[in-house]
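Engineer: Shown below is the structure under consideration.
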Amino acid sequence: MNLPIRLTVNGELRDLVLDDPRVTLLDLLREHLRLTGTKKGCDRGQCGACTVLVDGRRTNSCLALAASHDGAKVLTIEGIAQGGELHPIQVAFIAHDGFQCGFCTPGQIISAIGMISEGQAGDDPERIREAMSGNLCRCGAYVGIVEAVREAQKNLATIKTERAA
Amino acid sequence: MNQFEYVRPANVADAIAAAAAPGAAYLASGTNLLDLMKGGIMRPSRLVDVSRLPGLDRIERLDNGDVRIGALARNADLAHDPDFARGYPAIAEALLSGASAQLRNAATLGGNLLQRTRCSYFYDTASACNKRAPGSGCDARGGDNRLHAVLGWSDDCIATHPSDLCVPLAAFDAVAEIEGRHGRREVAVEALHRLPGATPDKDNTLEPGELIVAVRLPAAACSFASHARYLKLRERTSYAFAMVSAAAGLVVERGTIKEARLALGGVAAKPWRAREAEAALAGARAEPAAFRRAAEAALAGAKPSGDNGFKIELAQRIVLRALVLAAAGTPARMPALPASPFSSSAGAVQ
């Protein structure tokens, strides 16, 4: 069975043919498009390492059939730096030691981008922890992650205000 | 995951026709089904992808004041719809206490209702499970069963329905609109899921091939909006199923309860509407003594199915606490940890 689908991945239009309907969005990104920044952790929707933005919303790519997402816009960790400049959340994760081994980090960073655009958590660390609870970090870098998310959110708000001015 | 045929129908009629084939299953976002297929627990031969059927993701207010939610509305969109959350705050709180933000962005209303009633032995294909393999036995009996059912269970199955959303839907008289080969019918959400009896492989009362297209909430349920809470106790602060949970709504006039709604989660194979407790509350003073009597009434028929006798008292305490919180008033802002008794910042009622 050959199923043609069209995706926009990190701003680039990709016409693809699925040879098997079982291919998940995660496996499509990693195995077919060689975008291995998105990680396969549990592969069952429990750890959040596979988090990508689909049409602007953070989602577990391991529990998404690629065939169901014909026409979707997907943003992965590879697509967030602008030119040679890191995304403010990447900068904040480095500044606050928001990781140790780094395996969960792409999912954490994409999830944080999604969380900030959802606009529900504000500056409250308890709300941030709750909103990020779908991303596990087995190294336990949570304190740094929350600080990184808070600072990045402030910086992004400043950037927005400056752009508006 | 087993091999399957993938079909994407253009409309509800084509979807129902495609799902008539034996072994077919509907696919919405797949957050439960794909997980079960990866584990080899469900092996549909055909997936009928309904995730993008047109017009089924709307949240609309009908002329009679009822709210009609399309079955493909995403959990996150429903929870964050300000009009909906104002009218049905306990439902929004239940939604936000469930799963993770990523899953809430994907999961649909219809999919939430039809996620499998399950336990860890259902997931473990090396264990006996009457739900997964009818007649094979139940390894949860005599196994690690401290989180299992205390109400409505049978010797054949002691699993619980994990949905948070379904608990307040049952409490506030939600109705599911169902399409099938023989036309449309309606079932109260309270009557949608079934107790295991001798056939635990059947989670609900849908006929094969039937499709939930919408859920309606009565306008009258908005009368509970200023005194409505969902409270959920988990083994960790966030992103876990309920050990026990309760949805409570009160209409209070000058300190007296005019009307009450109460349902429990995590205690049975279905969201457990506690009508005897509701009757005990009606006409009583909105005070802890009445709440305590209601909690006892709600759990009157409970019995342990294993090492879970503690859940009976725990459930009574959660009911009592949910009623105390509901009587104190719905918080103006969603608590930082929705439905958690441990939330310390804005919105929490101590």
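Residues are referred to by chain and number: the chain letter is A, B, ... according to the order shown in the structure tokens, the number counts from 1 in that chain, and ligands are numbered separately from 1 in the order shown.
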I need the chain A residues near chain B as a list in words; criterion: at most 7 Å, counting only C-alpha atoms.

Structural biologist: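 Listed by rising number, the hits are Pro21, Arg44, Arg57, Arg58, Thr59, Asn60, Leu63, Ala64, Glu126, Arg127, Glu130, Ala131, Ser133 and Gly134 of chain A.
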
Engineer: Deliver the residues from the most recent selection as a file, using C-alpha atoms, as a compact mmCIF listing (two decimals), in the first residue's frame.

Structural biologist:
# COMPACT_ATOMS: atom_id res chain seq x y z
CA PRO A 21 0.13 2.83 7.29
CA ARG A 44 3.95 5.07 24.24
CA ARG A 57 0.31 22.57 19.11
CA ARG A 58 2.66 20.36 21.10
CA THR A 59 1.89 16.71 20.68
CA ASN A 60 3.44 13.25 21.17
CA LEU A 63 1.13 8.34 19.18
CA ALA A 64 0.35 10.09 15.88
CA GLU A 126 3.73 25.62 40.05
CA ARG A 127 1.73 26.24 36.87
CA GLU A 130 2.07 21.26 35.92
CA ALA A 131 2.11 22.40 32.28
CA SER A 133 4.42 17.36 33.43
CA GLY A 134 4.18 15.51 30.11

Engineer: Near range 99-114 of chain A, counting only C-alpha atoms, which residues have an atom at most 9 Å away, once you skip same-chain residues fewer than 5 positions from it, shown as a PyMOL selection string?

Structural biologist: (chain A and resi 37-39+41+47-53+56-59+75-78+80+89-90+93-94+119+131-132+134-142+144-145+149+153) or (chain B and resi 101-102)

Engineer: Deliver the residues from the most recent selection as a file, using N, CA and C atoms, as a tab-separated table (two decimals), in the first residue's frame.

Structural biologist:
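Heads up, here's the output in again_1.tsv:
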chain	number	residue	atom	x	y	z
A	37	GLY	N	16.74	14.67	15.77
A	37	GLY	CA	16.69	15.48	16.99
A	37	GLY	C	15.52	15.11	17.86
A	38	THR	N	14.39	14.78	17.27
A	38	THR	CA	13.21	14.33	18.02
A	38	THR	C	13.49	12.90	18.49
A	39	LYS	N	13.36	12.67	19.79
A	39	LYS	CA	13.81	11.40	20.36
A	39	LYS	C	12.68	10.40	20.57
A	41	GLY	N	11.65	7.86	23.19
A	41	GLY	CA	11.91	7.40	24.56
A	41	GLY	C	11.08	6.17	24.82
A	47	CYS	N	6.53	9.73	28.04
A	47	CYS	CA	7.74	10.43	28.47
A	47	CYS	C	7.91	11.81	27.85
A	48	GLY	N	7.32	12.06	26.69
A	48	GLY	CA	7.39	13.39	26.08
A	48	GLY	C	8.64	13.67	25.26
A	49	ALA	N	9.57	12.70	25.16
A	49	ALA	CA	10.81	12.94	24.40
A	49	ALA	C	10.52	13.19	22.92
A	50	CYS	N	9.39	12.71	22.43
A	50	CYS	CA	9.06	12.81	21.01
A	50	CYS	C	8.22	14.04	20.68
A	51	THR	N	8.11	14.98	21.65
A	51	THR	CA	7.21	16.12	21.45
A	51	THR	C	7.62	16.97	20.25
A	52	VAL	N	6.67	17.23	19.36
A	52	VAL	CA	6.85	18.18	18.25
A	52	VAL	C	5.62	19.09	18.22
A	53	LEU	N	5.72	20.19	17.49
A	53	LEU	CA	4.53	21.01	17.28
A	53	LEU	C	3.85	20.57	15.99
A	56	GLY	N	1.20	24.03	15.25
A	56	GLY	CA	1.41	24.96	16.36
A	56	GLY	C	1.14	24.39	17.73
A	57	ARG	N	0.66	23.14	17.81
A	57	ARG	CA	0.31	22.57	19.11
A	57	ARG	C	1.26	21.43	19.45
A	58	ARG	N	1.73	21.43	20.72
A	58	ARG	CA	2.66	20.36	21.10
A	58	ARG	C	1.90	19.05	21.20
A	59	THR	N	2.55	18.00	20.70
A	59	THR	CA	1.89	16.71	20.68
A	59	THR	C	2.93	15.60	20.71
A	75	LEU	N	6.78	21.26	13.38
A	75	LEU	CA	8.01	21.95	13.79
A	75	LEU	C	8.77	21.05	14.76
A	76	THR	N	10.05	20.81	14.44
A	76	THR	CA	10.89	19.98	15.31
A	76	THR	C	12.04	20.81	15.86
A	77	ILE	N	12.82	20.21	16.74
A	77	ILE	CA	13.94	20.91	17.36
A	77	ILE	C	14.91	21.46	16.29
A	78	GLU	N	14.99	20.77	15.13
A	78	GLU	CA	15.91	21.23	14.09
A	78	GLU	C	15.46	22.55	13.47
A	80	ILE	N	14.02	25.36	14.99
A	80	ILE	CA	13.70	26.52	15.83
A	80	ILE	C	14.78	27.58	15.88
A	89	ILE	N	14.70	29.84	24.02
A	89	ILE	CA	14.53	28.73	24.98
A	89	ILE	C	15.78	27.86	25.00
A	90	GLN	N	16.40	27.66	23.85
A	90	GLN	CA	17.67	26.92	23.82
A	90	GLN	C	18.72	27.65	24.65
A	93	PHE	N	17.97	27.18	28.36
A	93	PHE	CA	18.29	25.83	28.85
A	93	PHE	C	19.80	25.71	29.12
A	94	ILE	N	20.61	26.32	28.27
A	94	ILE	CA	22.07	26.28	28.49
A	94	ILE	C	22.42	27.12	29.73
A	119	GLY	N	-0.12	30.06	26.66
A	119	GLY	CA	-0.36	31.23	27.50
A	119	GLY	C	-1.13	30.96	28.78
A	131	ALA	N	2.24	22.35	33.74
A	131	ALA	CA	2.11	22.40	32.28
A	131	ALA	C	3.19	21.59	31.58
A	132	MET	N	4.32	21.36	32.26
A	132	MET	CA	5.42	20.59	31.66
A	132	MET	C	5.45	19.15	32.15
A	134	GLY	N	4.14	16.53	31.15
A	134	GLY	CA	4.18	15.51	30.11
A	134	GLY	C	5.58	15.25	29.59
A	135	ASN	N	6.59	15.91	30.16
A	135	ASN	CA	7.98	15.71	29.74
A	135	ASN	C	8.80	15.23	30.94
A	136	LEU	N	9.19	13.97	30.90
A	136	LEU	CA	9.99	13.43	32.00
A	136	LEU	C	11.48	13.67	31.74
A	137	CYS	N	12.23	13.89	32.83
A	137	CYS	CA	13.68	14.03	32.76
A	137	CYS	C	14.26	13.07	33.80
A	138	ARG	N	14.84	11.97	33.32
A	138	ARG	CA	15.32	10.96	34.29
A	138	ARG	C	16.59	11.42	35.00
A	139	CYS	N	17.29	12.45	34.45
A	139	CYS	CA	18.43	13.01	35.19
A	139	CYS	C	17.94	13.92	36.32
A	140	GLY	N	16.69	14.31	36.26
A	140	GLY	CA	16.15	15.15	37.32
A	140	GLY	C	16.58	16.60	37.23
A	141	ALA	N	16.65	17.14	36.02
A	141	ALA	CA	17.07	18.54	35.84
A	141	ALA	C	15.89	19.50	35.96
A	142	TYR	N	14.85	19.08	36.66
A	142	TYR	CA	13.60	19.86	36.65
A	142	TYR	C	13.77	21.29	37.17
A	144	GLY	N	16.31	23.32	36.95
A	144	GLY	CA	16.87	24.13	35.87
A	144	GLY	C	15.89	24.32	34.73
A	145	ILE	N	15.09	23.28	34.44
A	145	ILE	CA	14.12	23.38	33.34
A	145	ILE	C	13.09	24.46	33.65
A	149	VAL	N	12.52	27.87	31.54
A	149	VAL	CA	11.24	28.20	30.91
A	149	VAL	C	10.78	29.59	31.37
A	153	GLN	N	10.48	32.73	28.81
A	153	GLN	CA	9.17	33.35	28.63
A	153	GLN	C	9.25	34.87	28.80
B	101	ALA	N	-0.32	17.88	28.80
B	101	ALA	CA	-0.71	18.92	27.83
B	101	ALA	C	-0.64	18.38	26.41
B	102	GLN	N	0.40	17.59	26.12
B	102	GLN	CA	0.54	17.04	24.76
B	102	GLN	C	-0.66	16.15	24.42

Engineer: By how many Å are CA of Ser305 in chain B and CA of Ala126 in chain B apart?

Structural biologist: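 So the two atoms, CA of Ser305 in chain B and CA of Ala126 in chain B, lie 21.5 Å apart.
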
Engineer: Go ahead and compute the interatomic distance for CA of Val48 in chain B and CA of Ala94 in chain B, in Å to one decimal.

Structural biologist: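 Going from CA of Val48 in chain B over to CA of Ala94 in chain B covers 28.6 Å.
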
Engineer: Using only C-alpha atoms, can you tell me which of B:Ala332, B:Leu72, B:Ile212, B:Ile312 comes closest to Ala268 in chain B?

Structural biologist: B:Ile312

Engineer: So which residues touch His161 in chain B within 12 Å, counting only C-alpha atoms, skipping near sequence neighbours fewer than 3 positions away, as a PyMOL selection string?

Structural biologist: chain B and resi 112-119+147-149+151-153+157-158+164-167+192-196+200+203-204+241-245+264-272

Engineer: Keeping N, CA and C atoms for every residue in the selection just given, could you write it to a file as a compact mmCIF listing (two decimals), in the first residue's frame?

Structural biologist:
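Wrote it out as out.txt, contents follow:
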# COMPACT_ATOMS: atom_id res chain seq x y z
N ASN B 112 -12.08 10.07 24.27
CA ASN B 112 -11.99 9.99 25.73
C ASN B 112 -13.09 9.09 26.27
N LEU B 113 -14.31 9.27 25.75
CA LEU B 113 -15.42 8.44 26.22
C LEU B 113 -15.17 6.96 25.93
N LEU B 114 -14.52 6.68 24.78
CA LEU B 114 -14.39 5.29 24.34
C LEU B 114 -13.01 4.71 24.58
N GLN B 115 -12.16 5.39 25.38
CA GLN B 115 -10.91 4.75 25.78
C GLN B 115 -11.26 3.50 26.57
N ARG B 116 -10.35 2.53 26.53
CA ARG B 116 -10.66 1.25 27.15
C ARG B 116 -10.66 1.35 28.68
N THR B 117 -11.64 0.68 29.28
CA THR B 117 -11.57 0.39 30.72
C THR B 117 -10.42 -0.59 30.87
N ARG B 118 -9.48 -0.32 31.80
CA ARG B 118 -8.28 -1.16 31.74
C ARG B 118 -7.50 -1.18 33.05
N CYS B 119 -6.61 -2.18 33.14
CA CYS B 119 -5.66 -2.24 34.25
C CYS B 119 -4.35 -2.78 33.71
N LEU B 147 -5.10 -0.56 43.21
CA LEU B 147 -5.78 0.56 42.55
C LEU B 147 -7.09 0.14 41.87
N HIS B 148 -7.48 -1.11 42.05
CA HIS B 148 -8.62 -1.62 41.28
C HIS B 148 -9.98 -1.22 41.88
N ALA B 149 -11.05 -1.72 41.26
CA ALA B 149 -12.41 -1.26 41.55
C ALA B 149 -12.89 -1.70 42.94
N LEU B 151 -16.38 -0.76 43.49
CA LEU B 151 -17.82 -0.72 43.24
C LEU B 151 -18.11 -1.40 41.89
N GLY B 152 -19.16 -2.19 41.86
CA GLY B 152 -19.66 -2.71 40.58
C GLY B 152 -18.76 -3.72 39.90
N TRP B 153 -17.75 -4.24 40.58
CA TRP B 153 -16.85 -5.19 39.91
C TRP B 153 -17.44 -6.60 39.95
N CYS B 157 -13.72 -9.42 36.35
CA CYS B 157 -12.95 -8.21 36.02
C CYS B 157 -13.08 -7.17 37.13
N ILE B 158 -11.93 -6.57 37.49
CA ILE B 158 -11.95 -5.55 38.55
C ILE B 158 -11.27 -4.25 38.08
N ASP B 164 -11.13 11.08 33.47
CA ASP B 164 -11.57 12.14 34.39
C ASP B 164 -12.80 12.82 33.83
N LEU B 165 -12.73 13.17 32.54
CA LEU B 165 -13.81 13.90 31.88
C LEU B 165 -15.17 13.24 32.08
N CYS B 166 -15.21 11.91 31.98
CA CYS B 166 -16.50 11.22 32.03
C CYS B 166 -17.18 11.35 33.40
N VAL B 167 -16.40 11.62 34.45
CA VAL B 167 -16.98 11.68 35.79
C VAL B 167 -17.95 12.87 35.91
N LEU B 192 -23.59 4.95 29.26
CA LEU B 192 -22.79 4.55 28.09
C LEU B 192 -21.83 3.41 28.43
N HIS B 193 -21.18 3.52 29.59
CA HIS B 193 -20.23 2.47 29.97
C HIS B 193 -20.96 1.40 30.77
N ARG B 194 -20.43 0.19 30.75
CA ARG B 194 -21.14 -0.89 31.43
C ARG B 194 -20.24 -1.55 32.48
N LEU B 195 -20.91 -2.16 33.44
CA LEU B 195 -20.19 -2.93 34.45
C LEU B 195 -19.79 -4.27 33.84
N PRO B 196 -18.73 -4.89 34.38
CA PRO B 196 -18.14 -6.04 33.68
C PRO B 196 -19.03 -7.28 33.65
N PRO B 200 -16.65 -8.84 30.50
CA PRO B 200 -15.86 -7.61 30.65
C PRO B 200 -15.20 -7.15 29.34
N ASP B 203 -16.85 -2.91 26.97
CA ASP B 203 -16.69 -1.76 27.86
C ASP B 203 -17.94 -0.89 27.91
N ASN B 204 -18.71 -0.90 26.82
CA ASN B 204 -19.79 0.09 26.72
C ASN B 204 -20.98 -0.51 25.99
N PHE B 241 -3.40 8.61 36.46
CA PHE B 241 -4.82 8.33 36.62
C PHE B 241 -5.22 8.54 38.08
N ALA B 242 -6.52 8.71 38.27
CA ALA B 242 -7.03 8.89 39.63
C ALA B 242 -6.97 7.57 40.40
N MET B 243 -6.55 7.67 41.68
CA MET B 243 -6.82 6.54 42.59
C MET B 243 -8.31 6.59 42.89
N VAL B 244 -8.75 7.78 43.29
CA VAL B 244 -10.18 8.07 43.41
C VAL B 244 -10.38 9.53 43.03
N SER B 245 -11.56 9.85 42.51
CA SER B 245 -11.87 11.24 42.19
C SER B 245 -13.36 11.46 42.39
N LEU B 264 -18.31 9.62 41.03
CA LEU B 264 -16.96 9.24 41.44
C LEU B 264 -16.20 8.61 40.28
N GLY B 265 -14.89 8.81 40.29
CA GLY B 265 -14.01 8.17 39.30
C GLY B 265 -13.00 7.30 40.00
N GLY B 266 -12.40 6.37 39.25
CA GLY B 266 -11.35 5.51 39.79
C GLY B 266 -11.85 4.39 40.68
N VAL B 267 -13.17 4.25 40.78
CA VAL B 267 -13.72 3.25 41.72
C VAL B 267 -14.43 2.09 41.02
N ALA B 268 -14.71 2.24 39.73
CA ALA B 268 -15.53 1.22 39.04
C ALA B 268 -15.20 1.19 37.55
N ALA B 269 -15.80 0.25 36.85
CA ALA B 269 -15.60 0.12 35.40
C ALA B 269 -16.30 1.24 34.63
N LYS B 270 -17.02 2.09 35.35
CA LYS B 270 -17.70 3.22 34.70
C LYS B 270 -17.66 4.41 35.65
N PRO B 271 -17.85 5.62 35.11
CA PRO B 271 -18.00 6.75 36.02
C PRO B 271 -19.22 6.49 36.90
N TRP B 272 -19.06 6.67 38.21
CA TRP B 272 -20.05 6.17 39.16
C TRP B 272 -20.92 7.31 39.68

Engineer: So what do you get for CA of Gly98 in chain A versus CA of Ile128 in chain A, distance-wise?

Structural biologist: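 Calculated distance between CA of Gly98 in chain A and CA of Ile128 in chain A is 13.9 Å.
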
Engineer: Using only C-alpha atoms, which protein or nucleic acid residues come within 6 Å of range 224-228 of chain B? Drop anything in the same chain fewer than 5 positions from it, and give the result as a list in words.

Structural biologist: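 So, after excluding close chain neighbours, the residues are Gly87, Tyr88, Ala90, Ala248, Gly249, Leu250, Val251, Ala326, Ala327, Gly329 and Thr330 of chain B.
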
Engineer: Please provide as a list in words all residues within 10 Å of Ala21 in chain B, with the sequence filter that same-chain residues fewer than 5 positions apart are discarded (counting only C-alpha atoms).

Structural biologist: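 Using only C-alpha atoms, the neighbours found are Ile16, Ser45, Arg46, Pro208 and Gly209 of chain B.
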
Engineer: How would the residues just chosen look if you wrote them out with C-alpha atoms as an mmCIF file, in the first residue's frame?

Structural biologist:
data_model
loop_
_atom_site.group_PDB
_atom_site.id
_atom_site.type_symbol
_atom_site.label_atom_id
_atom_site.label_comp_id
_atom_site.auth_asym_id
_atom_site.auth_seq_id
_atom_site.Cartn_x
_atom_site.Cartn_y
_atom_site.Cartn_z
ATOM 1 C CA ILE B 16 -20.176 3.998 9.357
ATOM 2 C CA SER B 45 -7.739 -5.334 10.773
ATOM 3 C CA ARG B 46 -9.017 -1.996 9.475
ATOM 4 C CA PRO B 208 -20.480 -2.605 16.596
ATOM 5 C CA GLY B 209 -19.910 0.171 14.057
#

Engineer: Per DSSP on the backbone, what are the helix (DSSP H, G or I) residues of range 85-307 of chain B, as an NGL selection string?

Structural biologist: :B and (85-87 or 89-97 or 101-106 or 109-113 or 120-123 or 166-171 or 189-191 or 219-227 or 275-281 or 288-298)

Engineer: Please report, as a ChimeraX atom specification, each residue of range 17-248 of chain B to which DSSP assigns strand (DSSP E) when run on this structure's backbone.

Structural biologist: /B:24-27,46-49,59-61,67-70,175-180,183-188,211-217,228-233,244-248

Engineer: Would you output that residue set with C-alpha atoms, as a short mmCIF file (atom, residue, chain, number, x, y, z; two decimals), in the first residue's frame?

Structural biologist:
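Generated file (result-v1.cif):
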data_model
loop_
_atom_site.label_atom_id
_atom_site.label_comp_id
_atom_site.auth_asym_id
_atom_site.auth_seq_id
_atom_site.Cartn_x
_atom_site.Cartn_y
_atom_site.Cartn_z
CA ALA B 24 -12.72 -2.60 11.97
CA ALA B 25 -12.07 0.12 14.55
CA TYR B 26 -12.50 3.88 14.45
CA LEU B 27 -9.35 5.97 14.81
CA ARG B 46 -9.02 -2.00 9.48
CA LEU B 47 -8.64 1.52 10.88
CA VAL B 48 -11.37 3.94 9.88
CA ASP B 49 -9.76 7.34 10.39
CA ILE B 59 -18.60 23.67 20.53
CA GLU B 60 -21.96 25.37 20.09
CA ARG B 61 -24.84 26.66 22.20
CA VAL B 67 -24.25 23.06 24.80
CA ARG B 68 -23.40 20.62 22.03
CA ILE B 69 -19.79 19.50 21.69
CA GLY B 70 -18.67 17.69 18.55
CA VAL B 175 -26.01 12.83 26.66
CA ALA B 176 -24.04 11.16 23.83
CA GLU B 177 -25.39 11.42 20.28
CA ILE B 178 -24.66 8.21 18.40
CA GLU B 179 -24.88 7.43 14.67
CA GLY B 180 -25.11 3.92 13.35
CA GLY B 183 -29.85 5.92 12.31
CA ARG B 184 -29.27 8.19 15.26
CA ARG B 185 -29.88 7.47 18.93
CA GLU B 186 -28.99 9.07 22.24
CA VAL B 187 -27.58 7.57 25.41
CA ALA B 188 -26.90 9.29 28.73
CA LEU B 211 -20.00 6.25 16.18
CA ILE B 212 -20.36 8.95 18.83
CA VAL B 213 -20.78 12.23 16.94
CA ALA B 214 -21.45 14.67 19.80
CA VAL B 215 -22.12 15.13 23.50
CA ARG B 216 -24.80 17.49 24.77
CA LEU B 217 -24.87 19.15 28.16
CA ALA B 228 -18.86 22.92 41.16
CA ARG B 229 -15.53 21.14 41.61
CA TYR B 230 -13.62 18.11 40.45
CA LEU B 231 -11.16 16.63 42.92
CA LYS B 232 -8.70 13.86 42.09
CA LEU B 233 -6.18 11.99 44.18
CA VAL B 244 -10.18 8.07 43.41
CA SER B 245 -11.87 11.24 42.19
CA ALA B 246 -15.16 13.06 42.61
CA ALA B 247 -17.17 15.60 40.67
CA ALA B 248 -19.51 17.61 42.87
#

Engineer: Can you pull out the residues contacting range 294-303 of chain B? Cut-off 6 Å, using only C-alpha atoms, and skip same-chain residues under 4 positions away; I want them as a VMD selection string.

Structural biologist: chain B and resid 150 to 151 274 277 280 316 319 to 320

Engineer: Could you check the closest approach to Pro331 in chain B for each of B:Glu287, B:Glu235, B:Glu93, B:Asp173 and tell me which residue wins, using only C-alpha atoms?

Structural biologist: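 Looking at the shortest contact to Pro331 in chain B, the residue is B:Glu93.
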
Engineer: Restricting the calculation to only C-alpha atoms, which member of B:Glu276, B:Ala286, B:Val189, B:Ala322 is positioned closest to Thr256 in chain B?

Structural biologist: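 That would be B:Ala286, the residue with the smallest distance to Thr256 in chain B.
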
Engineer: What's the 7 Å shell around Ala73 in chain B, counting only C-alpha atoms, without same-chain residues fewer than 4 positions away, as JSON, numbers by chain?

Structural biologist: {"B": [57, 58, 69, 77, 78, 108, 109]}

Engineer: Take the residues that were just selected and, keeping C-alpha atoms, output them as a JSON list (two decimals), in the first residue's frame.

Structural biologist:
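Okay, part.json is ready:
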[["chain", "number", "residue", "atom", "x", "y", "z"],
["B", 57, "ASP", "CA", -15.11, 19.64, 16.30],
["B", 58, "ARG", "CA", -17.52, 22.48, 17.09],
["B", 69, "ILE", "CA", -19.79, 19.50, 21.69],
["B", 77, "ASP", "CA", -9.84, 23.27, 23.26],
["B", 78, "LEU", "CA", -12.88, 22.36, 25.32],
["B", 108, "THR", "CA", -10.80, 14.01, 21.39],
["B", 109, "LEU", "CA", -14.06, 14.01, 23.30]]
